[in-house]
>>> print(open('query.txt').read())   # compact mmCIF, C-alpha atoms
# COMPACT_ATOMS: atom_id res chain seq x y z
CA MET A 1115 -11.84 74.17 -15.25
CA GLN A 1116 -8.95 71.74 -14.87
CA LYS A 1117 -8.30 70.59 -11.31
CA PRO A 1118 -5.03 72.06 -9.97
CA ILE A 1119 -2.25 69.49 -9.93
CA LEU A 1120 -1.63 70.43 -6.28
CA PHE A 1121 -4.74 68.48 -5.28
CA GLU A 1122 -4.04 65.32 -7.23
CA LYS A 1123 -2.94 62.15 -5.43
CA PRO A 1124 0.18 60.22 -6.43
CA ARG A 1125 -0.46 57.21 -8.62
CA GLY A 1126 -1.39 54.05 -6.71
CA VAL A 1127 -2.69 55.65 -3.49
CA ARG A 1128 -6.26 56.33 -2.48
CA ASP A 1129 -8.45 57.94 0.12
CA VAL A 1130 -10.62 55.59 2.18
CA LEU A 1131 -13.93 57.34 2.83
CA PRO A 1132 -16.74 56.57 5.27
CA PRO A 1133 -18.19 54.06 5.79
CA LEU A 1134 -15.47 51.93 4.15
CA ALA A 1135 -12.81 53.31 6.52
CA ALA A 1136 -14.84 52.09 9.50
CA ARG A 1137 -15.34 48.72 7.86
CA LYS A 1138 -11.60 48.44 7.20
CA ARG A 1139 -10.85 49.19 10.84
CA GLU A 1140 -13.38 46.56 11.94
CA VAL A 1141 -11.77 43.92 9.70
CA GLU A 1142 -8.35 44.75 11.16
CA LYS A 1143 -9.80 44.58 14.67
CA GLN A 1144 -11.36 41.15 14.16
CA ILE A 1145 -8.15 39.74 12.66
CA ALA A 1146 -6.07 41.20 15.51
CA LYS A 1147 -8.39 39.58 18.08
CA VAL A 1148 -7.76 36.17 16.54
CA PHE A 1149 -3.99 36.70 16.54
CA THR A 1150 -4.11 37.65 20.22
CA ARG A 1151 -6.18 34.59 21.15
CA TRP A 1152 -3.57 32.38 19.52
CA GLY A 1153 -0.80 33.93 21.60
CA PHE A 1154 0.78 36.26 19.05
CA GLU A 1155 1.97 39.60 20.45
CA GLU A 1156 1.71 42.74 18.34
CA ILE A 1157 4.81 44.53 17.09
CA THR A 1158 5.23 47.78 15.17
CA THR A 1159 8.31 48.70 13.16
CA PRO A 1160 9.30 51.97 11.42
CA THR A 1161 7.55 52.95 8.20
CA PHE A 1162 10.96 53.41 6.60
CA GLU A 1163 14.14 51.36 6.98
CA TYR A 1164 17.67 51.36 5.62
CA ALA A 1165 17.72 49.76 2.18
CA GLU A 1166 20.21 47.13 3.40
CA THR A 1167 17.45 45.55 5.50
CA PHE A 1168 15.83 44.38 2.26
CA LEU A 1169 18.79 44.17 -0.10
CA ASN A 1170 20.69 41.48 1.83
CA GLY A 1171 18.65 38.80 0.12
CA ALA A 1172 15.53 39.26 2.22
CA TYR A 1173 13.47 40.81 -0.58
CA ARG A 1174 13.34 39.29 -4.02
CA GLU A 1175 11.35 41.82 -6.02
CA ASP A 1176 13.06 44.34 -8.27
CA GLU A 1177 14.83 47.08 -6.34
CA ASP A 1178 12.96 49.58 -8.52
CA GLN A 1179 9.75 48.62 -6.69
CA MET A 1180 11.03 50.35 -3.56
CA PHE A 1181 10.28 53.97 -2.69
CA LYS A 1182 13.78 55.27 -1.93
CA PHE A 1183 15.21 58.51 -0.58
CA ILE A 1184 18.51 59.68 0.87
CA GLU A 1185 18.74 60.79 4.50
CA ARG A 1186 21.20 63.43 5.71
CA SER A 1187 23.88 60.85 6.49
CA GLY A 1188 23.89 59.89 2.84
CA LYS A 1189 22.44 56.41 3.45
CA THR A 1190 19.59 55.13 1.30
CA VAL A 1191 16.28 54.71 3.12
CA VAL A 1192 13.18 52.94 1.76
CA LEU A 1193 9.51 52.78 2.68
CA ARG A 1194 9.01 49.20 3.82
CA PRO A 1195 7.95 46.92 0.92
CA ASP A 1196 7.56 43.94 3.27
CA MET A 1197 7.15 43.21 6.99
CA THR A 1198 9.02 39.93 7.30
CA ALA A 1199 12.47 41.47 6.90
CA PRO A 1200 11.95 44.24 9.52
CA ILE A 1201 10.66 41.66 12.01
CA ALA A 1202 13.69 39.45 11.30
CA ARG A 1203 15.88 42.50 12.02
CA VAL A 1204 14.13 43.10 15.38
CA VAL A 1205 14.27 39.45 16.44
CA SER A 1206 17.99 39.37 15.66
CA SER A 1207 18.76 42.62 17.52
CA LEU A 1208 16.35 44.02 20.10
CA LEU A 1209 14.97 40.55 20.90
CA LYS A 1210 18.22 38.63 20.53
CA GLU A 1211 18.14 37.57 24.22
CA HIS A 1212 14.45 36.62 24.07
CA PRO A 1213 14.04 32.83 24.18
CA LEU A 1214 12.60 31.05 21.16
CA PRO A 1215 10.02 30.45 19.90
CA ILE A 1216 8.71 33.99 19.44
CA ARG A 1217 5.20 34.69 18.14
CA LEU A 1218 4.67 38.19 16.73
CA SER A 1219 1.77 39.83 14.87
CA TYR A 1220 1.42 43.09 12.98
CA ASN A 1221 -0.95 45.37 11.08
CA ALA A 1222 0.99 47.73 8.83
CA SER A 1223 1.01 49.79 5.65
CA ILE A 1224 3.23 48.38 2.90
CA PHE A 1225 4.66 50.42 0.01
CA ARG A 1226 5.66 49.18 -3.45
CA GLN A 1227 5.98 51.10 -6.68
CA GLN A 1228 3.80 49.59 -9.40
CA GLU A 1229 3.83 49.78 -13.17
CA ASN A 1230 1.38 52.31 -14.60
CA ASN A 1231 -0.80 49.52 -15.98
CA ALA A 1232 -0.43 47.10 -13.05
CA GLY A 1233 -3.80 47.98 -11.51
CA ARG A 1234 -2.45 47.53 -7.98
CA ASP A 1235 -2.09 49.93 -5.08
CA ALA A 1236 1.29 51.40 -4.22
CA GLU A 1237 0.23 51.60 -0.56
CA PHE A 1238 -1.76 48.82 1.06
CA THR A 1239 -2.34 47.21 4.45
CA GLN A 1240 -1.22 43.79 5.61
CA SER A 1241 -2.12 41.96 8.81
CA GLY A 1242 0.08 39.00 9.58
CA VAL A 1243 2.11 36.87 11.97
CA GLU A 1244 5.61 35.44 12.26
CA LEU A 1245 6.36 32.31 14.31
CA ILE A 1246 10.12 32.24 14.85
CA GLY A 1247 12.15 29.45 16.38
CA ASP A 1248 9.98 26.38 15.67
CA ALA A 1249 11.02 24.09 12.82
CA SER A 1250 8.29 21.50 13.39
CA PRO A 1251 5.45 20.74 10.96
CA ASP A 1252 3.14 21.61 13.85
CA ALA A 1253 4.25 25.24 13.49
CA ASP A 1254 3.46 25.20 9.76
CA ALA A 1255 0.04 23.75 10.52
CA GLU A 1256 -0.50 26.34 13.25
CA VAL A 1257 -0.05 29.33 10.96
CA ILE A 1258 -2.19 27.78 8.21
CA ALA A 1259 -4.99 27.04 10.70
CA LEU A 1260 -4.60 30.56 12.10
CA ALA A 1261 -4.98 32.02 8.60
CA CYS A 1262 -8.23 30.05 8.17
CA THR A 1263 -9.52 31.28 11.53
CA ALA A 1264 -8.58 34.90 10.84
CA LEU A 1265 -10.24 34.95 7.41
CA THR A 1266 -13.39 33.47 8.91
CA ALA A 1267 -13.38 36.10 11.68
CA ALA A 1268 -12.98 38.84 9.06
CA GLY A 1269 -16.18 37.61 7.38
CA VAL A 1270 -14.70 35.95 4.28
CA ASN A 1271 -16.80 33.04 3.01
CA GLY A 1272 -15.97 30.31 0.51
CA PHE A 1273 -12.20 30.75 0.63
CA ARG A 1274 -9.67 28.01 -0.13
CA ILE A 1275 -6.09 27.65 1.10
CA ALA A 1276 -3.68 26.03 -1.37
CA ILE A 1277 -0.59 24.42 0.20
CA GLY A 1278 2.65 23.61 -1.62
CA GLN A 1279 6.23 22.69 -0.76
CA VAL A 1280 9.24 24.59 -2.12
CA ALA A 1281 11.65 21.77 -1.25
CA TYR A 1282 9.62 19.28 -3.29
CA LEU A 1283 9.97 21.38 -6.43
CA GLU A 1284 13.64 22.06 -5.76
CA GLY A 1285 14.34 18.35 -5.44
CA LEU A 1286 12.23 17.48 -8.48
CA PHE A 1287 13.91 20.13 -10.64
CA THR A 1288 17.39 19.02 -9.50
CA GLU A 1289 16.54 15.48 -10.53
CA HIS A 1290 15.02 16.25 -13.93
CA VAL A 1291 16.56 19.56 -15.07
CA ALA A 1292 20.33 19.73 -15.47
CA ASP A 1293 20.63 23.42 -16.41
CA GLU A 1294 20.42 25.76 -13.39
CA HIS A 1295 19.15 28.62 -15.57
CA VAL A 1296 16.30 26.48 -16.87
CA ARG A 1297 15.39 25.53 -13.29
CA ALA A 1298 15.25 29.23 -12.45
CA ARG A 1299 13.00 29.97 -15.44
CA LEU A 1300 10.63 27.17 -14.46
CA SER A 1301 10.46 28.46 -10.87
CA VAL A 1302 9.69 32.01 -12.02
CA ALA A 1303 6.94 30.77 -14.32
CA LEU A 1304 5.28 28.82 -11.49
CA ALA A 1305 5.60 31.75 -9.07
CA GLN A 1306 3.92 34.00 -11.64
CA LYS A 1307 1.33 31.29 -12.41
CA ASP A 1308 2.33 31.54 -16.05
CA PHE A 1309 1.66 27.93 -16.93
CA VAL A 1310 1.89 28.59 -20.67
CA SER A 1311 5.49 29.79 -20.28
CA TYR A 1312 6.19 26.86 -17.95
CA GLU A 1313 5.02 24.29 -20.48
CA ARG A 1314 6.78 26.08 -23.33
CA THR A 1315 10.06 26.04 -21.41
CA VAL A 1316 9.71 22.36 -20.52
CA ASN A 1317 8.97 21.37 -24.12
CA ALA A 1318 11.82 23.49 -25.50
CA GLU A 1319 14.54 22.70 -22.96
CA ILE A 1320 13.96 19.16 -21.68
CA ALA A 1321 15.05 16.49 -24.12
CA ASP A 1322 14.38 13.39 -22.01
CA ASP A 1323 10.82 12.14 -22.57
CA GLU A 1324 10.35 10.81 -19.03
CA SER A 1325 11.59 14.02 -17.41
CA ARG A 1326 9.44 16.12 -19.70
CA THR A 1327 6.35 14.07 -18.77
CA VAL A 1328 7.11 14.42 -15.06
CA LEU A 1329 7.59 18.18 -15.26
CA LEU A 1330 4.42 18.72 -17.29
CA THR A 1331 2.48 16.84 -14.59
CA VAL A 1332 3.56 19.21 -11.80
CA PRO A 1333 0.97 22.01 -12.34
CA ARG A 1334 -1.82 19.41 -12.20
CA LEU A 1335 -0.80 17.93 -8.84
CA ARG A 1336 -3.75 19.38 -6.93
CA GLY A 1337 -6.17 17.81 -4.52
CA ASN A 1338 -6.38 16.42 -1.00
CA VAL A 1339 -3.81 14.32 0.84
CA GLU A 1340 -4.14 11.43 -1.63
CA ILE A 1341 -2.30 13.50 -4.28
CA LEU A 1342 0.94 12.99 -2.30
CA GLU A 1343 1.18 9.37 -3.40
CA GLN A 1344 1.00 10.39 -7.05
CA ALA A 1345 3.71 13.00 -6.38
CA ARG A 1346 5.96 10.33 -4.82
CA GLN A 1347 5.82 8.31 -8.01
CA LEU A 1348 7.43 11.17 -9.95
CA THR A 1349 10.72 11.36 -8.04
CA GLN A 1350 13.47 9.44 -6.31
CA ASN A 1351 15.12 12.58 -4.97
CA GLU A 1352 15.54 12.37 -1.18
CA LYS A 1353 14.86 16.08 -0.67
CA ALA A 1354 11.63 15.91 -2.64
CA LEU A 1355 10.44 12.77 -0.84
CA ALA A 1356 11.20 14.29 2.56
CA ALA A 1357 9.20 17.37 1.56
CA LEU A 1358 6.19 15.20 0.72
CA ASP A 1359 6.45 13.46 4.11
CA ASN A 1360 6.53 16.91 5.69
CA LEU A 1361 3.35 17.92 3.84
CA GLU A 1362 1.59 14.72 4.92
CA THR A 1363 2.38 15.44 8.58
CA ILE A 1364 1.21 19.06 8.23
CA TRP A 1365 -2.06 17.84 6.74
CA LYS A 1366 -2.61 15.42 9.65
CA VAL A 1367 -2.08 18.24 12.16
CA LEU A 1368 -4.45 20.50 10.21
CA VAL A 1369 -7.12 17.81 10.51
CA LEU A 1370 -6.73 18.12 14.28
CA HIS A 1371 -7.29 21.88 13.89
CA ASN A 1372 -10.54 21.00 12.07
CA VAL A 1373 -9.80 23.21 9.04
CA GLU A 1374 -9.25 20.58 6.33
CA ASN A 1375 -12.46 21.63 4.53
CA TYR A 1376 -10.75 24.92 3.63
CA LEU A 1377 -7.64 23.25 2.22
CA GLN A 1378 -6.19 21.69 -0.89
CA LEU A 1379 -2.66 20.66 -1.83
CA ASP A 1380 -1.08 22.34 -4.86
CA LEU A 1381 2.38 20.93 -5.51
CA GLY A 1382 3.05 23.42 -8.30
CA LEU A 1383 2.65 26.38 -5.91
CA LEU A 1384 5.54 28.80 -5.52
CA LEU A 1385 5.45 32.34 -4.09
CA GLY A 1386 7.30 35.42 -5.30
CA GLN A 1387 9.63 35.88 -2.34
CA HIS A 1388 12.66 33.67 -2.80
CA TYR A 1389 13.38 33.24 0.92
CA TYR A 1390 10.68 30.57 1.30
CA SER A 1391 12.24 27.19 1.99
CA GLY A 1392 9.50 24.71 2.91
CA ALA A 1393 5.70 24.57 3.08
CA VAL A 1394 4.02 27.60 1.46
CA PHE A 1395 0.39 28.54 1.02
CA GLU A 1396 -2.00 31.02 -0.58
CA GLY A 1397 -5.63 31.81 0.16
CA TYR A 1398 -8.19 32.47 -2.56
CA ALA A 1399 -11.70 33.86 -2.24
CA PRO A 1400 -14.59 34.03 -4.74
CA ASN A 1401 -14.86 36.93 -7.19
CA ILE A 1402 -11.38 38.35 -6.69
CA GLY A 1403 -8.37 37.96 -8.95
CA PHE A 1404 -5.61 38.11 -6.34
CA PRO A 1405 -4.81 35.95 -3.28
CA VAL A 1406 -6.24 37.29 -0.01
CA CYS A 1407 -3.42 35.78 2.04
CA SER A 1408 -0.08 34.06 1.56
CA GLY A 1409 2.83 32.78 3.59
CA GLY A 1410 5.04 29.88 4.45
CA ARG A 1411 8.33 28.68 5.94
CA TYR A 1412 11.53 30.70 5.58
CA ASP A 1413 14.22 28.99 7.67
CA GLU A 1414 17.22 30.78 6.13
CA LEU A 1415 16.18 34.44 6.41
CA LEU A 1416 16.97 35.03 10.10
CA GLY A 1417 20.55 33.94 9.53
CA LYS A 1418 21.06 36.89 7.17
CA PHE A 1419 20.47 39.14 10.19
CA GLY A 1420 22.84 37.27 12.47
CA ARG A 1421 20.45 35.01 14.40
CA ALA A 1422 19.86 31.73 12.59
CA ALA A 1423 16.42 30.35 13.41
CA ALA A 1424 13.60 28.47 11.73
CA ALA A 1425 10.54 30.61 10.96
CA THR A 1426 7.15 30.57 9.32
CA GLY A 1427 4.36 33.11 8.93
CA PHE A 1428 1.77 34.69 6.67
CA MET A 1429 0.04 37.93 5.75
CA ILE A 1430 -3.57 38.85 4.95
CA GLY A 1431 -4.22 41.63 2.43
CA VAL A 1432 -6.77 43.82 4.22
CA GLU A 1433 -7.90 45.70 1.09
CA ARG A 1434 -8.40 42.41 -0.70
CA VAL A 1435 -10.57 41.15 2.14
CA LEU A 1436 -12.60 44.36 1.89
CA GLU A 1437 -13.03 43.79 -1.84
CA VAL A 1438 -14.37 40.31 -1.16
CA LEU A 1439 -16.78 41.59 1.49
CA GLU A 1440 -18.02 44.42 -0.73
CA LYS A 1441 -18.84 41.96 -3.52
CA GLU A 1442 -20.66 39.66 -1.10
CA LEU A 1443 -22.64 42.41 0.69
CA PRO A 1444 -22.28 45.62 -1.35
CA GLY A 1445 -22.82 48.84 0.55
CA THR A 1446 -23.63 47.23 3.89
CA THR A 1447 -22.71 49.07 7.05
CA LYS A 1448 -23.84 49.19 10.64
CA GLU A 1449 -26.95 51.37 11.11
CA HIS A 1450 -26.12 54.98 11.88
CA PHE A 1451 -28.84 57.22 13.33
CA LEU A 1452 -28.63 60.95 12.64
CA VAL A 1453 -30.78 62.91 15.11
CA TYR A 1454 -31.77 66.47 14.13
CA TYR A 1455 -32.91 68.86 16.87
CA ASP A 1456 -33.02 72.54 17.72
CA GLU A 1457 -31.92 74.29 20.91
CA ALA A 1458 -35.29 73.86 22.61
CA ASP A 1459 -35.07 70.07 22.27
CA ARG A 1460 -31.65 69.44 23.76
CA TYR A 1461 -33.61 67.54 26.33
CA PRO A 1462 -34.65 64.79 25.59
CA VAL A 1463 -32.51 64.44 22.41
CA ILE A 1464 -29.07 64.18 24.01
CA GLY A 1465 -30.37 61.77 26.63
CA PHE A 1466 -31.97 59.64 23.90
CA ALA A 1467 -28.69 59.65 21.94
CA VAL A 1468 -26.81 58.44 25.04
CA PHE A 1469 -29.45 55.71 25.50
CA LEU A 1470 -29.12 54.51 21.88
CA ARG A 1471 -25.32 54.41 22.11
CA SER A 1472 -25.61 52.30 25.25
CA LYS A 1473 -27.48 49.80 23.04
CA GLN A 1474 -24.49 49.72 20.64
CA PHE A 1475 -26.10 51.89 17.94
CA ILE A 1476 -24.07 54.56 16.12
CA VAL A 1477 -25.68 57.95 16.80
CA THR A 1478 -24.89 61.48 15.67
CA ALA A 1479 -26.90 64.29 17.30
CA GLN A 1480 -26.93 67.38 15.06
CA ARG A 1481 -28.34 70.69 16.27
CA CYS A 1482 -29.90 72.85 13.52
CA GLU A 1483 -32.34 75.77 13.13
CA ASP A 1484 -35.05 73.77 11.34
CA PRO A 1485 -34.83 70.02 12.03
CA VAL A 1486 -37.60 69.06 9.59
CA ALA A 1487 -36.13 70.98 6.66
CA THR A 1488 -32.58 69.83 7.41
CA ALA A 1489 -33.66 66.18 7.55
CA ALA A 1490 -35.18 66.55 4.07
CA GLN A 1491 -31.84 67.54 2.53
CA PRO A 1492 -29.61 64.99 0.72
CA ARG A 1493 -27.35 62.90 2.98
CA ALA A 1494 -25.28 59.74 2.88
CA LYS A 1495 -27.55 56.74 2.32
CA TYR A 1496 -26.31 54.84 5.38
CA PHE A 1497 -27.76 57.46 7.78
CA THR A 1498 -31.22 56.84 9.25
CA PRO A 1499 -32.72 60.28 10.10
CA ILE A 1500 -34.51 60.97 13.39
CA VAL A 1501 -36.23 64.33 13.83
CA PHE A 1502 -37.34 66.06 17.02
CA LYS A 1503 -39.71 69.02 16.79
CA ASN A 1504 -41.36 70.77 19.72
CA GLY A 1505 -40.28 68.01 22.07
CA LYS A 1506 -41.80 65.23 19.96
CA LEU A 1507 -40.17 62.43 18.01
CA ILE A 1508 -40.91 62.47 14.28
CA SER A 1509 -39.99 59.10 12.80
CA LYS A 1510 -41.72 56.30 10.91
CA ASP A 1511 -38.99 53.81 11.79
CA LYS A 1512 -40.60 51.23 14.10
CA LEU A 1513 -37.30 50.37 15.76
CA VAL A 1514 -36.70 54.05 16.60
CA GLN A 1515 -40.25 54.41 17.93
CA ALA A 1516 -39.88 51.33 20.14
CA MET A 1517 -36.49 52.49 21.46
CA PHE A 1518 -37.86 55.94 22.27
CA THR A 1519 -40.81 54.37 24.09
CA ASP A 1520 -38.41 52.33 26.23
CA PHE A 1521 -36.32 55.43 26.89
CA SER A 1522 -39.37 57.50 27.80
CA HIS A 1523 -40.65 54.91 30.27
CA MET A 1524 -37.25 54.49 31.84
CA PHE A 1525 -36.71 58.21 32.38
CA SER A 1526 -40.33 59.39 32.62
CA ILE A 1527 -40.10 61.62 29.55
>>> encode(input="query.txt", output="structure tokens")
Amino acid sequence: MQKPILFEKPRGVRDVLPPLAARKREVEKQIAKVFTRWGFEEITTPTFEYAETFLNGAYREDEDQMFKFIERSGKTVVLRPDMTAPIARVVSSLLKEHPLPIRLSYNASIFRQQENNAGRDAEFTQSGVELIGDASPDADAEVIALACTALTAAGVNGFRIAIGQVAYLEGLFTEHVADEHVRARLSVALAQKDFVSYERTVNAEIADDESRTVLLTVPRLRGNVEILEQARQLTQNEKALAALDNLETIWKVLVLHNVENYLQLDLGLLLGQHYYSGAVFEGYAPNIGFPVCSGGRYDELLGKFGRAAAATGFMIGVERVLEVLEKELPGTTKEHFLVYYDEADRYPVIGFAVFLRSKQFIVTAQRCEDPVATAAQPRAKYFTPIVFKNGKLISKDKLVQAMFTDFSHMFSI
């Protein structure tokens, strides 16, 4: 029998079942703890906003990616496709008298319509920070080091953070590419990591041999701080050279944060959002095809909301972190005891359950008519059954036996 369409979910959304929902909440909790320790205060903004919040240049992606509806006033409202723009709106309005710098953090659902074959969620969760009002390279280094610390706290191993500089590429392209439309095509190709299209465009559109050689070198400018000297040899553009000096200072500050082992420079790195204006970065983890975090400097965005200020920040994709963790430790979850008992055994069962919870175990006490028969029925694999019958513990688990012995001695059971 075909399932009624009433019970189908919209494309791109999903239910998060136990125990994954608990694991997701724990990841969010650990990330939030790190943000708090670094002095970032949590903010929440509405799930939906007026479309103008994103269509004033704050959001680059196609307008068709937004979930839109019309409110009674006739104005177009959208489910938020991004958190940076709403926070910029708040900082420029409700917090306009608040002195800079401002450090804000968030954990929020994001909504973007996807192509049918995109393989991505239409609703997903991001945890992130925005540092507003500090133009120094120390602020860039702070958010990159914070991203490293947060990913570590979430349990991600073996990740790498790639750092680039938008201004370097802008200066380099201005110097070597005369046609503005060609510069735009090259930028899009790098943002999409379509290096085949990038090279094809360079070979087809750049006539000068020296410029063509320089541009074809860009995607290979990866490594540690020594790569900056090679990058300097490719340009005489003042903007590009200043951007490289900026990256060198950021790297030196990151060394002080003791996170350089997680880092590499990637001077061909660009991100999809066009408001980025300086240092940008992406985090990659093993066995996953998408970045687990991304961010960077966006000094021009706040001005679109009426309060010009330098800013930098990043987001972590919570579902992507969960995917990494599941591939590292598939099916792992904190031990959950399920205690079966009948009415006659309320005591000592409930007291034992309280005792186990005080030891930080997860415990469910389930009354039933026949504890032995009920415990033999199928159940979720992450439950460890404990059975009480006629006042006696029935369990072969040595940890459970030891804990019950301690409980019995303590309360003279």
>>> closest_residue(input="query.txt", among="A:Val1369, A:Ile1184, A:Ala1354, A:Leu1452", to="Lys1495 in chain A", atoms="only C-alpha atoms")
A:Leu1452
>>> closest_atom_pairs(input="query.txt", of="range 1414-1500 of chain A", to="range 1128-1152 of chain A", cutoff="12 Å", atoms="all atoms listed in the file", output="JSON lines")
{"residue": "A:Gly1427", "atom": "CA", "partner": "A:Phe1149", "partner_atom": "CA", "distance": 11.9}
{"residue": "A:Phe1428", "atom": "CA", "partner": "A:Phe1149", "partner_atom": "CA", "distance": 11.6}
{"residue": "A:Met1429", "atom": "CA", "partner": "A:Ile1145", "partner_atom": "CA", "distance": 10.9}
{"residue": "A:Ile1430", "atom": "CA", "partner": "A:Ile1145", "partner_atom": "CA", "distance": 9.0}
{"residue": "A:Gly1431", "atom": "CA", "partner": "A:Glu1142", "partner_atom": "CA", "distance": 10.1}
{"residue": "A:Val1432", "atom": "CA", "partner": "A:Glu1142", "partner_atom": "CA", "distance": 7.2}
{"residue": "A:Glu1433", "atom": "CA", "partner": "A:Lys1138", "partner_atom": "CA", "distance": 7.7}
{"residue": "A:Arg1434", "atom": "CA", "partner": "A:Lys1138", "partner_atom": "CA", "distance": 10.4}
{"residue": "A:Val1435", "atom": "CA", "partner": "A:Val1141", "partner_atom": "CA", "distance": 8.1}
{"residue": "A:Leu1436", "atom": "CA", "partner": "A:Lys1138", "partner_atom": "CA", "distance": 6.8}
{"residue": "A:Glu1437", "atom": "CA", "partner": "A:Lys1138", "partner_atom": "CA", "distance": 10.3}
{"residue": "A:Val1438", "atom": "CA", "partner": "A:Val1141", "partner_atom": "CA", "distance": 11.7}
{"residue": "A:Leu1439", "atom": "CA", "partner": "A:Arg1137", "partner_atom": "CA", "distance": 9.7}
{"residue": "A:Glu1440", "atom": "CA", "partner": "A:Leu1134", "partner_atom": "CA", "distance": 9.3}
{"residue": "A:Pro1444", "atom": "CA", "partner": "A:Leu1134", "partner_atom": "CA", "distance": 10.8}
{"residue": "A:Gly1445", "atom": "CA", "partner": "A:Pro1133", "partner_atom": "CA", "distance": 8.7}
{"residue": "A:Thr1446", "atom": "CA", "partner": "A:Pro1133", "partner_atom": "CA", "distance": 8.9}
{"residue": "A:Thr1447", "atom": "CA", "partner": "A:Pro1133", "partner_atom": "CA", "distance": 6.8}
{"residue": "A:Lys1448", "atom": "CA", "partner": "A:Pro1133", "partner_atom": "CA", "distance": 8.9}
{"residue": "A:Glu1449", "atom": "CA", "partner": "A:Pro1133", "partner_atom": "CA", "distance": 10.6}
{"residue": "A:His1450", "atom": "CA", "partner": "A:Pro1133", "partner_atom": "CA", "distance": 10.0}
{"residue": "A:Ile1476", "atom": "CA", "partner": "A:Ala1136", "partner_atom": "CA", "distance": 11.6}
{"residue": "A:Ala1494", "atom": "CA", "partner": "A:Pro1132", "partner_atom": "CA", "distance": 9.4}
{"residue": "A:Lys1495", "atom": "CA", "partner": "A:Pro1133", "partner_atom": "CA", "distance": 10.3}
{"residue": "A:Tyr1496", "atom": "CA", "partner": "A:Pro1133", "partner_atom": "CA", "distance": 8.2}
{"residue": "A:Phe1497", "atom": "CA", "partner": "A:Pro1133", "partner_atom": "CA", "distance": 10.3}
>>> atom_distance(input="query.txt", atom1="CA of Val1332 in chain A", atom2="CA of Arg1297 in chain A")
13.5 Å
>>> atom_distance(input="query.txt", atom1="CA of Val1367 in chain A", atom2="CA of Glu1343 in chain A")
18.2 Å
>>> atom_distance(input="query.txt", atom1="CA of His1388 in chain A", atom2="CA of Thr1266 in chain A")
28.6 Å
>>> residues_near_point(input="query.txt", point="(10.9, 29.0, -14.9)", cutoff="10 Å", atoms="all atoms listed in the file", output="list in words")
His1295, Val1296, Arg1297, Ala1298, Arg1299, Leu1300, Ser1301, Val1302, Ala1303, Leu1304, Ala1305, Gln1306, Asp1308, Phe1309, Ser1311, Tyr1312, Glu1313, Arg1314, Thr1315 and Val1316 of chain A
>>> residues_around(input="query.txt", residues="Gln1480 in chain A", least_positions_apart="5", cutoff="9 Å", atoms="all atoms listed in the file", output="list in words")
Leu1452, Val1453, Tyr1454, Tyr1455, Asp1456 and Pro1485 of chain A
>>> write_last_selection(input="query.txt", atoms="C-alpha atoms", output="short mmCIF file (atom, residue, chain, number, x, y, z; two decimals), keeping the file's coordinate frame")
data_model
loop_
_atom_site.label_atom_id
_atom_site.label_comp_id
_atom_site.auth_asym_id
_atom_site.auth_seq_id
_atom_site.Cartn_x
_atom_site.Cartn_y
_atom_site.Cartn_z
CA LEU A 1452 -28.63 60.95 12.64
CA VAL A 1453 -30.78 62.91 15.11
CA TYR A 1454 -31.77 66.47 14.13
CA TYR A 1455 -32.91 68.86 16.87
CA ASP A 1456 -33.02 72.54 17.72
CA PRO A 1485 -34.83 70.02 12.03
#
